[in-house]
Every structure is written in structure tokens, then in C-alpha cells.
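Participant: Sharing run17.cif, mmCIF, C-alpha atoms:
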data_final
loop_
_atom_site.group_PDB
_atom_site.id
_atom_site.type_symbol
_atom_site.label_atom_id
_atom_site.label_comp_id
_atom_site.auth_asym_id
_atom_site.auth_seq_id
_atom_site.Cartn_x
_atom_site.Cartn_y
_atom_site.Cartn_z
ATOM 1 C CA MET A 1 -45.063 -22.244 20.727
ATOM 2 C CA LYS A 2 -41.828 -23.089 22.551
ATOM 3 C CA ASN A 3 -41.396 -26.220 20.428
ATOM 4 C CA TRP A 4 -41.616 -24.111 17.263
ATOM 5 C CA ALA A 5 -38.868 -21.817 18.559
ATOM 6 C CA ASP A 6 -36.672 -24.812 19.400
ATOM 7 C CA ILE A 7 -37.245 -26.305 15.942
ATOM 8 C CA MET A 8 -36.308 -23.043 14.241
ATOM 9 C CA LYS A 9 -33.224 -22.694 16.456
ATOM 10 C CA ASN A 10 -32.081 -26.197 15.530
ATOM 11 C CA ILE A 11 -32.727 -25.682 11.810
ATOM 12 C CA THR A 12 -30.792 -22.421 11.903
ATOM 13 C CA MET A 13 -27.913 -24.077 13.741
ATOM 14 C CA LEU A 14 -27.823 -26.951 11.243
ATOM 15 C CA THR A 15 -27.837 -24.560 8.285
ATOM 16 C CA GLN A 16 -25.059 -22.470 9.817
ATOM 17 C CA PHE A 17 -23.031 -25.604 10.485
ATOM 18 C CA GLY A 18 -23.428 -26.774 6.893
ATOM 19 C CA LEU A 19 -22.377 -23.428 5.466
ATOM 20 C CA SER A 20 -19.457 -23.142 7.871
ATOM 21 C CA LEU A 21 -18.338 -26.637 6.945
ATOM 22 C CA ILE A 22 -18.345 -26.141 3.167
ATOM 23 C CA THR A 23 -17.004 -22.564 3.037
ATOM 24 C CA PRO A 24 -13.309 -23.282 3.857
ATOM 25 C CA LEU A 25 -13.191 -25.982 1.186
ATOM 26 C CA LEU A 26 -14.758 -23.743 -1.454
ATOM 27 C CA VAL A 27 -12.474 -20.831 -0.587
ATOM 28 C CA CYS A 28 -9.351 -22.987 -0.787
ATOM 29 C CA LEU A 29 -10.422 -24.515 -4.091
ATOM 30 C CA GLY A 30 -11.260 -21.058 -5.428
ATOM 31 C CA ILE A 31 -7.787 -19.842 -4.518
ATOM 32 C CA CYS A 32 -6.346 -22.912 -6.222
ATOM 33 C CA TRP A 33 -8.354 -22.172 -9.360
ATOM 34 C CA TRP A 34 -7.063 -18.593 -9.353
ATOM 35 C CA LEU A 35 -3.469 -19.757 -8.852
ATOM 36 C CA SER A 36 -3.829 -22.314 -11.609
ATOM 37 C CA SER A 37 -5.341 -19.940 -14.145
ATOM 38 C CA HIS A 38 -3.397 -16.750 -13.391
ATOM 39 C CA MET A 39 -0.051 -18.035 -12.145
ATOM 40 C CA GLY A 40 0.180 -21.067 -14.413
ATOM 41 C CA LEU A 41 0.525 -23.651 -11.652
ATOM 42 C CA GLY A 42 -0.379 -27.229 -12.473
ATOM 43 C CA GLY A 43 -3.319 -29.298 -11.392
ATOM 44 C CA TRP A 44 -1.426 -30.580 -8.354
ATOM 45 C CA ILE A 45 -2.330 -27.350 -6.549
ATOM 46 C CA TYR A 46 -5.924 -28.579 -6.241
ATOM 47 C CA ILE A 47 -4.758 -31.489 -4.084
ATOM 48 C CA LEU A 48 -3.136 -29.090 -1.622
ATOM 49 C CA GLY A 49 -6.203 -26.862 -1.661
ATOM 50 C CA PHE A 50 -8.460 -29.817 -0.980
ATOM 51 C CA PHE A 51 -6.434 -30.924 2.049
ATOM 52 C CA PHE A 52 -6.161 -27.402 3.443
ATOM 53 C CA GLY A 53 -9.906 -26.913 2.922
ATOM 54 C CA MET A 54 -10.699 -30.172 4.675
ATOM 55 C CA GLY A 55 -8.424 -29.121 7.539
ATOM 56 C CA GLY A 56 -10.332 -25.860 7.865
ATOM 57 C CA SER A 57 -13.625 -27.710 7.789
ATOM 58 C CA GLY A 58 -12.341 -30.078 10.463
ATOM 59 C CA MET A 59 -11.491 -27.143 12.700
ATOM 60 C CA VAL A 60 -14.963 -25.695 12.179
ATOM 61 C CA ALA A 61 -16.523 -29.030 13.165
ATOM 62 C CA TYR A 62 -14.278 -29.271 16.233
ATOM 63 C CA LYS A 63 -15.084 -25.732 17.397
ATOM 64 C CA PHE A 64 -18.783 -26.336 16.756
ATOM 65 C CA SER A 65 -18.739 -29.478 18.888
ATOM 66 C CA LEU A 66 -16.965 -27.583 21.676
ATOM 67 C CA SER A 67 -19.600 -24.846 21.619
ATOM 68 C CA ILE A 68 -22.437 -27.377 21.683
ATOM 69 C CA THR A 69 -20.988 -29.255 24.648
ATOM 70 C CA ALA A 70 -20.386 -25.980 26.503
ATOM 71 C CA ARG A 71 -23.978 -24.909 25.835
ATOM 72 C CA GLN A 72 -25.299 -28.275 27.046
ATOM 73 C CA LYS A 73 -23.239 -28.044 30.246
ATOM 74 C CA LYS A 74 -24.544 -24.526 30.834
ATOM 75 C CA GLU A 75 -28.162 -25.633 30.327
ATOM 76 C CA LYS A 76 -27.665 -28.646 32.594
ATOM 77 C CA LYS A 77 -26.195 -26.439 35.299
ATOM 78 C CA LYS A 78 -29.055 -23.973 34.880
ATOM 79 C CA GLN A 79 -31.671 -26.727 35.348
ATOM 80 C CA LYS A 80 -30.111 -27.825 38.618
ATOM 81 C CA ILE A 81 -32.271 -26.795 41.568
ATOM 82 C CA SER A 82 -30.286 -25.017 44.240
ATOM 83 C CA PHE A 83 -31.153 -23.218 47.449
ATOM 84 C CA ASN A 84 -32.061 -19.932 45.761
ATOM 85 C CA ARG A 85 -33.654 -21.417 42.649
ATOM 86 C CA HIS A 86 -36.878 -23.335 43.064
ATOM 87 C CA SER A 87 -38.852 -24.961 40.275
#
As C-alpha cells, how would this structure be written, given the file I've shared?
Facilitator:
Amino acid sequence: MKNWADIMKNITMLTQFGLSLITPLLVCLGICWWLSSHMGLGGWIYILGFFFGMGGSGMVAYKFSLSITARQKKEKKKQKISFNRHS
């Protein structure tokens, strides 16, 4: 049963990572579409939106990797047998 919980945790984490990675890009491109259609800006605005969206997605990936490494360090430290903790 523990393996099933770990599988579901990993699937949930992967889904959350995928959504968090694509959302900044879609939001920036949506803002660019709105600016282009309502404000009359040219198609060049999509290039800026793409780069800003990719920058946001890069930050999400960086923060995600930091949280994963912190979680792994915490689990490794927790598995260490000390004087008060016996296995």
C-alpha cells in the first residue's frame, strides 16, 4: 500500500510541475493577445511575451528543483540513525 501512495504522490507532483511550467507562458501569451487585439500593438509583442513566459517557467523549474533537493536532504537526514532514534 505504501508503494501506491508513493506512486500517487509522484504523479501528483509531476502533474503540478507540468501545469506550473506551462501556466506562465500561457498567461504571458494571453496578455500579448489582449494587447495586440485591444491596443493595436503589432505581432512583435508575442516575441516579448514568449521570452517573459519562458523566463517565468524557468523560475518555476528552478524553485521546483530547490524544493526537491531540500526535501531529499530532509529525508536523508531523517533516515540517519542517531542516539535517540533506533531502526
Participant: List the residues sitting within 12 Å of (-14.0, -27.6, 12.8) in the file's frame, using only C-alpha atoms, as a ChimeraX atom specification.
Facilitator: /A:17-25,53-67
Participant: On this structure, the PyMOL selection byres ((chain A and resi 43-45) around 12) would catch which residues? List them as a ChimeraX atom specification, sorted by chain and number.
Facilitator: /A:28-37,39-42,46-52
Participant: What does the distance from atom CA of Thr12 of chain A to atom CA of Ile68 of chain A come to in Å, to one decimal?
Facilitator: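 These atoms are spaced 13.8 Å apart.
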Participant: What's the separation between atom CA of Thr15 of chain A and atom CA of Lys78 of chain A, in Å to one decimal place?
Facilitator: 26.6 Å
Participant: Just give me the gap between atom CA of Arg71 of chain A and atom CA of Gln16 of chain A in Å, one decimal is fine.
Facilitator: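 Going from atom CA of Arg71 of chain A over to atom CA of Gln16 of chain A covers 16.2 Å.
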Participant: Would you pull chain A out of the block just shown and save C-alpha atoms as a PDB file, in the first residue's frame?
Facilitator:
ATOM      1  CA  MET A   1       0.000   0.000   0.000  1.00  0.00           C
ATOM      2  CA  LYS A   2       2.917   2.358   0.665  1.00  0.00           C
ATOM      3  CA  ASN A   3       4.118   1.958  -2.927  1.00  0.00           C
ATOM      4  CA  TRP A   4       0.696   3.045  -4.198  1.00  0.00           C
ATOM      5  CA  ALA A   5       0.860   6.188  -2.057  1.00  0.00           C
ATOM      6  CA  ASP A   6       4.354   6.969  -3.354  1.00  0.00           C
ATOM      7  CA  ILE A   7       3.217   6.465  -6.955  1.00  0.00           C
ATOM      8  CA  MET A   8       0.257   8.793  -6.479  1.00  0.00           C
ATOM      9  CA  LYS A   9       2.481  11.384  -4.781  1.00  0.00           C
ATOM     10  CA  ASN A  10       4.915  11.304  -7.698  1.00  0.00           C
ATOM     11  CA  ILE A  11       2.154  11.510 -10.316  1.00  0.00           C
ATOM     12  CA  THR A  12       0.614  14.459  -8.494  1.00  0.00           C
ATOM     13  CA  MET A  13       3.984  16.191  -8.264  1.00  0.00           C
ATOM     14  CA  LEU A  14       4.651  15.632 -11.971  1.00  0.00           C
ATOM     15  CA  THR A  15       1.225  16.977 -12.930  1.00  0.00           C
ATOM     16  CA  GLN A  16       1.684  20.036 -10.723  1.00  0.00           C
ATOM     17  CA  PHE A  17       5.113  20.640 -12.225  1.00  0.00           C
ATOM     18  CA  GLY A  18       3.736  20.438 -15.760  1.00  0.00           C
ATOM     19  CA  LEU A  19       0.917  22.856 -15.024  1.00  0.00           C
ATOM     20  CA  SER A  20       3.231  25.243 -13.197  1.00  0.00           C
ATOM     21  CA  LEU A  21       5.650  25.143 -16.106  1.00  0.00           C
ATOM     22  CA  ILE A  22       3.118  25.937 -18.841  1.00  0.00           C
ATOM     23  CA  THR A  23       0.992  28.493 -16.957  1.00  0.00           C
ATOM     24  CA  PRO A  24       3.419  31.483 -17.063  1.00  0.00           C
ATOM     25  CA  LEU A  25       3.873  31.042 -20.810  1.00  0.00           C
ATOM     26  CA  LEU A  26       0.134  30.857 -21.459  1.00  0.00           C
ATOM     27  CA  VAL A  27      -0.574  33.871 -19.256  1.00  0.00           C
ATOM     28  CA  CYS A  28       2.079  35.979 -20.977  1.00  0.00           C
ATOM     29  CA  LEU A  29       0.862  34.980 -24.430  1.00  0.00           C
ATOM     30  CA  GLY A  30      -2.721  35.694 -23.382  1.00  0.00           C
ATOM     31  CA  ILE A  31      -1.719  39.171 -22.254  1.00  0.00           C
ATOM     32  CA  CYS A  32       0.071  39.650 -25.567  1.00  0.00           C
ATOM     33  CA  TRP A  33      -3.047  38.593 -27.460  1.00  0.00           C
ATOM     34  CA  TRP A  34      -5.116  41.083 -25.460  1.00  0.00           C
ATOM     35  CA  LEU A  35      -2.590  43.869 -26.076  1.00  0.00           C
ATOM     36  CA  SER A  36      -2.475  43.057 -29.764  1.00  0.00           C
ATOM     37  CA  SER A  37      -6.230  42.954 -30.256  1.00  0.00           C
ATOM     38  CA  HIS A  38      -7.335  45.778 -27.946  1.00  0.00           C
ATOM     39  CA  MET A  39      -4.390  48.170 -28.014  1.00  0.00           C
ATOM     40  CA  GLY A  40      -3.423  47.646 -31.645  1.00  0.00           C
ATOM     41  CA  LEU A  41       0.159  46.566 -30.989  1.00  0.00           C
ATOM     42  CA  GLY A  42       1.909  44.565 -33.677  1.00  0.00           C
ATOM     43  CA  GLY A  43       2.874  40.938 -33.762  1.00  0.00           C
ATOM     44  CA  TRP A  44       6.280  41.707 -32.258  1.00  0.00           C
ATOM     45  CA  ILE A  45       4.641  41.762 -28.820  1.00  0.00           C
ATOM     46  CA  TYR A  46       4.302  37.969 -28.968  1.00  0.00           C
ATOM     47  CA  ILE A  47       8.091  37.622 -29.065  1.00  0.00           C
ATOM     48  CA  LEU A  48       8.412  39.581 -25.823  1.00  0.00           C
ATOM     49  CA  GLY A  49       5.592  37.591 -24.256  1.00  0.00           C
ATOM     50  CA  PHE A  50       7.230  34.332 -25.247  1.00  0.00           C
ATOM     51  CA  PHE A  51      10.557  35.288 -23.660  1.00  0.00           C
ATOM     52  CA  PHE A  52       8.931  36.596 -20.487  1.00  0.00           C
ATOM     53  CA  GLY A  53       6.821  33.428 -20.271  1.00  0.00           C
ATOM     54  CA  MET A  54       9.864  31.224 -20.717  1.00  0.00           C
ATOM     55  CA  GLY A  55      11.641  33.223 -18.010  1.00  0.00           C
ATOM     56  CA  GLY A  56       8.739  32.613 -15.647  1.00  0.00           C
ATOM     57  CA  SER A  57       8.743  28.932 -16.497  1.00  0.00           C
ATOM     58  CA  GLY A  58      12.484  28.806 -15.870  1.00  0.00           C
ATOM     59  CA  MET A  59      11.990  30.290 -12.422  1.00  0.00           C
ATOM     60  CA  VAL A  60       9.296  27.723 -11.664  1.00  0.00           C
ATOM     61  CA  ALA A  61      11.654  24.913 -12.699  1.00  0.00           C
ATOM     62  CA  TYR A  62      14.466  26.380 -10.589  1.00  0.00           C
ATOM     63  CA  LYS A  63      12.275  26.744  -7.492  1.00  0.00           C
ATOM     64  CA  PHE A  64      10.899  23.239  -8.022  1.00  0.00           C
ATOM     65  CA  SER A  65      14.404  21.782  -8.173  1.00  0.00           C
ATOM     66  CA  LEU A  66      15.334  23.643  -4.981  1.00  0.00           C
ATOM     67  CA  SER A  67      12.305  22.238  -3.168  1.00  0.00           C
ATOM     68  CA  ILE A  68      13.058  18.703  -4.350  1.00  0.00           C
ATOM     69  CA  THR A  69      16.678  18.859  -3.215  1.00  0.00           C
ATOM     70  CA  ALA A  70      15.622  20.303   0.150  1.00  0.00           C
ATOM     71  CA  ARG A  71      13.068  17.512   0.578  1.00  0.00           C
ATOM     72  CA  GLN A  72      15.672  14.874  -0.318  1.00  0.00           C
ATOM     73  CA  LYS A  73      18.148  16.322   2.195  1.00  0.00           C
ATOM     74  CA  LYS A  74      15.446  16.315   4.864  1.00  0.00           C
ATOM     75  CA  GLU A  75      14.542  12.678   4.137  1.00  0.00           C
ATOM     76  CA  LYS A  76      18.206  11.662   4.130  1.00  0.00           C
ATOM     77  CA  LYS A  77      18.746  13.371   7.466  1.00  0.00           C
ATOM     78  CA  LYS A  78      15.616  11.720   8.850  1.00  0.00           C
ATOM     79  CA  GLN A  79      16.848   8.240   7.840  1.00  0.00           C
ATOM     80  CA  LYS A  80      20.126   8.734   9.669  1.00  0.00           C
ATOM     81  CA  ILE A  81      20.239   6.647  12.841  1.00  0.00           C
ATOM     82  CA  SER A  82      21.269   8.678  15.850  1.00  0.00           C
ATOM     83  CA  PHE A  83      21.481   8.014  19.565  1.00  0.00           C
ATOM     84  CA  ASN A  84      17.793   8.659  20.236  1.00  0.00           C
ATOM     85  CA  ARG A  85      16.452   7.167  17.011  1.00  0.00           C
ATOM     86  CA  HIS A  86      16.815   3.444  16.509  1.00  0.00           C
ATOM     87  CA  SER A  87      15.612   1.498  13.495  1.00  0.00           C
TER      88      SER A  87
END
